[in-house]
Amino acid sequence: MPTAIAVTSADLVLPPTDHQTPTAALLPSPDTQSLDAAIAATQVLVEQHGHVVALYPASLPARHERRLHTVRSVLESDRIALLRMDLPPLGVAVLVRQLRQLSVCDFQAGVLASAARLLSHYVYAGALLNTVARLDRVPVSLRSHAKSWVPGSQFAVLANPAPRLIKLGTGEQLTGPEFATHLVLARGQSASEWVTESLAPAWRVQGIVENALPAESPKWWGTGKLVEFAAFLPDLSVLYQLVASVRREICSWCGMDLIGDRCGFCSAPLLPPEVSRDTA
């Protein structure tokens with residue numbers, strides 16, 4: 001069985017890109033599942049798949065995040081990776097699907113977990129907002145705050161890979177990816193077509209899909225009057241090559257394979273080569 005990819009809400013599970021892409025497991029909130037039930041379900045998941053890689057947005061309620069860590073502690077399992085992502089919810093959903101795609105490949109669980117940080121740099125996640133008055137996850141100037149009170153104002157915000165905010169109608173543009181992407185969008189309480197009519201052509205996206213807005217999105221962006229979007233690499237062969245091209249290391253703490261500078265399972269940083277030799 002492939003490594004299980006898990007999420008904290010069903011709306012973070014985008015439709016699969018092909019018949020081989022598995023779905024994601026759900027780790028429900030404490031409001032809908034008792035602790036005993038959560039422990040039992042997670043234990044079955046680990047036994048069936050060997051390892052679990054769970055992704056969740058940074059806006060997840062604290063009670064739900066504590067539940068995830070409690071379950072892992074009770075099970076005393078080093079086979080559960082909990083990855084808190086700073087991406088907006090739709091960006092997290094895109095990353096979840098990419099890991100689901102890669103889970104059927106020949107990557108070990110440690111590589112798959114640490115690949116989340118690598119692949120997040122290739123997700124261009126943002127939103128069209130009617131106000132930035134309550135936006136606190138992307139730097140907003142006092143001038144932009146003042147403009148947001150002007151009736152009819154709209155702002156295009158890029159949260160990842162580099163934060164950027166512009167006011168529509170000023171001639172400014174959001175810098176997009178320099179590689180071929182597809183784009184997924186999700187509408188809140190906004191009927192604007194700016195994402196499909198202006199942003200997508202400017203970014204030269206090769207395909208557009210609309211999806212339901214994740215429940216956490218209004219909280220993340222500070223308003224329900226939005227259109228959230230994320231441009232991403234859709235091709236499994238490209239994703240595979242990206243991950244496979246990075247040198248693999250061994251975590252000095254838990255022994256998992258990893259790529260990058262931090263283990264996805266125990267969060268231990270990769271030791272410098274000279275330290276690794278001294279402790280060998």
# chains A, B, ... in the order shown; residues from 1 in each chain; ligands from 1

call {"tool": "select_by_dssp", "arguments": {"residues": "region 43-262 of chain A", "states": "alpha helix (DSSP H)", "output": "ChimeraX atom specification"}}
result
/A:43-49,62-75,89-102,109-120,142-147,194,200-203,217-221,236-244

call {"tool": "closest_atom_pairs", "arguments": {"of": "region 198-275 of chain A", "to": "region 94-117 of chain A", "cutoff": "12 Å", "atoms": "only C-alpha atoms", "output": "CSV"}}
result
residue,atom,partner,partner_atom,distance
A:Val209,CA,A:Val94,CA,11.7
A:Asn211,CA,A:Val94,CA,11.0
A:Pro214,CA,A:Val94,CA,11.6
A:Phe229,CA,A:Val94,CA,10.1
A:Ala230,CA,A:Val94,CA,7.5
A:Ala231,CA,A:Val94,CA,8.6
A:Phe232,CA,A:Val94,CA,7.3
A:Leu233,CA,A:Gln98,CA,8.4
A:Pro234,CA,A:Gln98,CA,7.7
A:Asp235,CA,A:Gln98,CA,9.1
A:Leu236,CA,A:Gln101,CA,6.6
A:Ser237,CA,A:Leu102,CA,9.3
A:Val238,CA,A:Leu102,CA,10.6
A:Leu239,CA,A:Leu102,CA,7.6
A:Tyr240,CA,A:Leu102,CA,6.8
A:Gln241,CA,A:Leu102,CA,10.6
A:Leu242,CA,A:Ala115,CA,9.1
A:Val243,CA,A:Ala115,CA,6.5
A:Ala244,CA,A:Phe107,CA,8.4
A:Ser245,CA,A:Ala115,CA,11.3
A:Val246,CA,A:Ala115,CA,9.5
A:Arg247,CA,A:Val111,CA,10.2
A:Arg248,CA,A:Val111,CA,7.7
A:Glu249,CA,A:Val111,CA,9.0
A:Ile250,CA,A:Gly110,CA,9.1
A:Cys251,CA,A:Gly110,CA,8.9
A:Cys254,CA,A:Gly110,CA,9.9
A:Gly255,CA,A:Gly110,CA,9.1
A:Met256,CA,A:Gly110,CA,5.3
A:Asp257,CA,A:Gly110,CA,5.0
A:Leu258,CA,A:Val111,CA,4.4
A:Ile259,CA,A:Val111,CA,5.8
A:Gly260,CA,A:Ser114,CA,6.9
A:Asp261,CA,A:Ser114,CA,8.6
A:Arg262,CA,A:Ser114,CA,7.0
A:Cys263,CA,A:Ser114,CA,6.1
A:Gly264,CA,A:Ser114,CA,4.7
A:Phe265,CA,A:Gly110,CA,6.8
A:Cys266,CA,A:Gly110,CA,9.8
A:Ser267,CA,A:Ser114,CA,9.4
A:Ala268,CA,A:Ser114,CA,11.2
A:Pro269,CA,A:Ser114,CA,11.2
A:Leu270,CA,A:Ser114,CA,11.4

call {"tool": "closest_residue", "arguments": {"among": "A:Ser9, A:Thr3, A:Ser34, A:Gln20", "to": "Ile80 (chain A)", "atoms": "only C-alpha atoms"}}
result
A:Thr3

call {"tool": "select_by_dssp", "arguments": {"residues": "region 31-248 of chain A", "states": "strand (DSSP E)", "output": "ChimeraX atom specification"}}
result
/A:52-57,80-85,124-129,155-160,164-167,182-187,208-211,226-232,248

call {"tool": "residues_around", "arguments": {"residues": "region 66-75 of chain A", "least_positions_apart": "2", "cutoff": "9 Å", "atoms": "only C-alpha atoms", "output": "VMD selection string"}}
result
chain A and resid 27 29 to 30 35 to 36 38 to 39 42 to 43 61 to 64 77 to 82

call {"tool": "residues_around", "arguments": {"residues": "Pro88 (chain A)", "least_positions_apart": "3", "cutoff": "8 Å", "atoms": "only C-alpha atoms", "output": "ChimeraX atom specification"}}
result
/A:57,91-92,125-126,159,217,220-221

call {"tool": "residues_around", "arguments": {"residues": "region 171-174 of chain A", "least_positions_apart": "6", "cutoff": "10 Å", "atoms": "only C-alpha atoms", "output": "number ranges by chain"}}
result
A: 126, 156-158, 163-165, 198-199, 202-203

call {"tool": "atom_distance", "arguments": {"atom1": "CA of His19 (chain A)", "atom2": "CA of Gln206 (chain A)"}}
result
20.9 Å

call {"tool": "atom_distance", "arguments": {"atom1": "CA of Val184 (chain A)", "atom2": "CA of Glu197 (chain A)"}}
result
13.7 Å

call {"tool": "atom_distance", "arguments": {"atom1": "CA of Ser153 (chain A)", "atom2": "CA of Glu228 (chain A)"}}
result
16.6 Å

call {"tool": "residues_around", "arguments": {"residues": "Asp11 (chain A)", "least_positions_apart": "6", "cutoff": "10 Å", "atoms": "only C-alpha atoms", "output": "compact mmCIF listing (two decimals) with N, CA and C atoms, in the first residue's frame"}}
result
# COMPACT_ATOMS: atom_id res chain seq x y z
N PRO A 89 -5.47 27.78 2.14
CA PRO A 89 -6.12 26.47 2.07
C PRO A 89 -6.17 25.84 0.68
N LEU A 90 -6.48 26.62 -0.36
CA LEU A 90 -6.52 26.03 -1.70
C LEU A 90 -5.14 25.60 -2.15
N ALA A 93 -4.53 22.32 -0.59
CA ALA A 93 -5.25 21.27 -1.32
C ALA A 93 -4.49 20.85 -2.57
N ASN A 211 -13.20 24.79 -8.33
CA ASN A 211 -13.48 23.88 -7.23
C ASN A 211 -14.22 24.63 -6.13
N ALA A 212 -14.79 23.89 -5.20
CA ALA A 212 -15.47 24.51 -4.07
C ALA A 212 -14.46 25.21 -3.16
N LEU A 213 -14.88 26.30 -2.55
CA LEU A 213 -14.00 27.06 -1.66
C LEU A 213 -13.81 26.30 -0.35
N PRO A 214 -12.57 26.06 0.08
CA PRO A 214 -12.34 25.42 1.38
C PRO A 214 -12.95 26.24 2.52
N ALA A 215 -13.42 25.56 3.53
CA ALA A 215 -14.09 26.24 4.65
C ALA A 215 -13.16 27.19 5.39
N GLU A 216 -11.86 26.90 5.42
CA GLU A 216 -10.91 27.74 6.14
C GLU A 216 -10.48 28.99 5.36

call {"tool": "decode", "arguments": {"residues": "region 8-43 of chain A", "atoms": "C-alpha atoms", "output": "compact mmCIF listing (two decimals), in the first residue's frame"}}
result
# COMPACT_ATOMS: atom_id res chain seq x y z
CA THR A 8 -8.01 17.73 8.27
CA SER A 9 -11.08 18.49 6.17
CA ALA A 10 -12.70 16.90 3.13
CA ASP A 11 -12.59 20.17 1.14
CA LEU A 12 -8.78 19.87 0.96
CA VAL A 13 -9.18 16.81 -1.26
CA LEU A 14 -9.26 17.93 -4.89
CA PRO A 15 -10.56 15.54 -7.57
CA PRO A 16 -7.82 13.16 -8.79
CA THR A 17 -5.97 13.92 -11.99
CA ASP A 18 -6.14 10.29 -13.15
CA HIS A 19 -7.44 6.91 -12.06
CA GLN A 20 -4.16 6.07 -10.29
CA THR A 21 -4.21 9.02 -7.89
CA PRO A 22 -5.48 7.77 -4.51
CA THR A 23 -7.75 9.83 -2.30
CA ALA A 24 -6.67 11.26 1.04
CA ALA A 25 -7.56 10.04 4.52
CA LEU A 26 -9.55 12.37 6.77
CA LEU A 27 -8.46 13.31 10.31
CA PRO A 28 -11.64 14.94 11.64
CA SER A 29 -11.97 17.74 14.15
CA PRO A 30 -12.55 17.03 17.87
CA ASP A 31 -16.06 18.43 17.34
CA THR A 32 -17.01 15.50 15.12
CA GLN A 33 -14.89 12.60 16.42
CA SER A 34 -13.99 11.44 19.91
CA LEU A 35 -10.38 10.97 20.95
CA ASP A 36 -10.78 7.21 21.26
CA ALA A 37 -12.24 7.00 17.76
CA ALA A 38 -9.47 9.19 16.36
CA ILE A 39 -6.78 7.02 17.94
CA ALA A 40 -8.36 3.82 16.64
CA ALA A 41 -8.83 5.17 13.10
CA THR A 42 -5.28 6.52 12.91
CA GLN A 43 -3.84 3.26 14.19
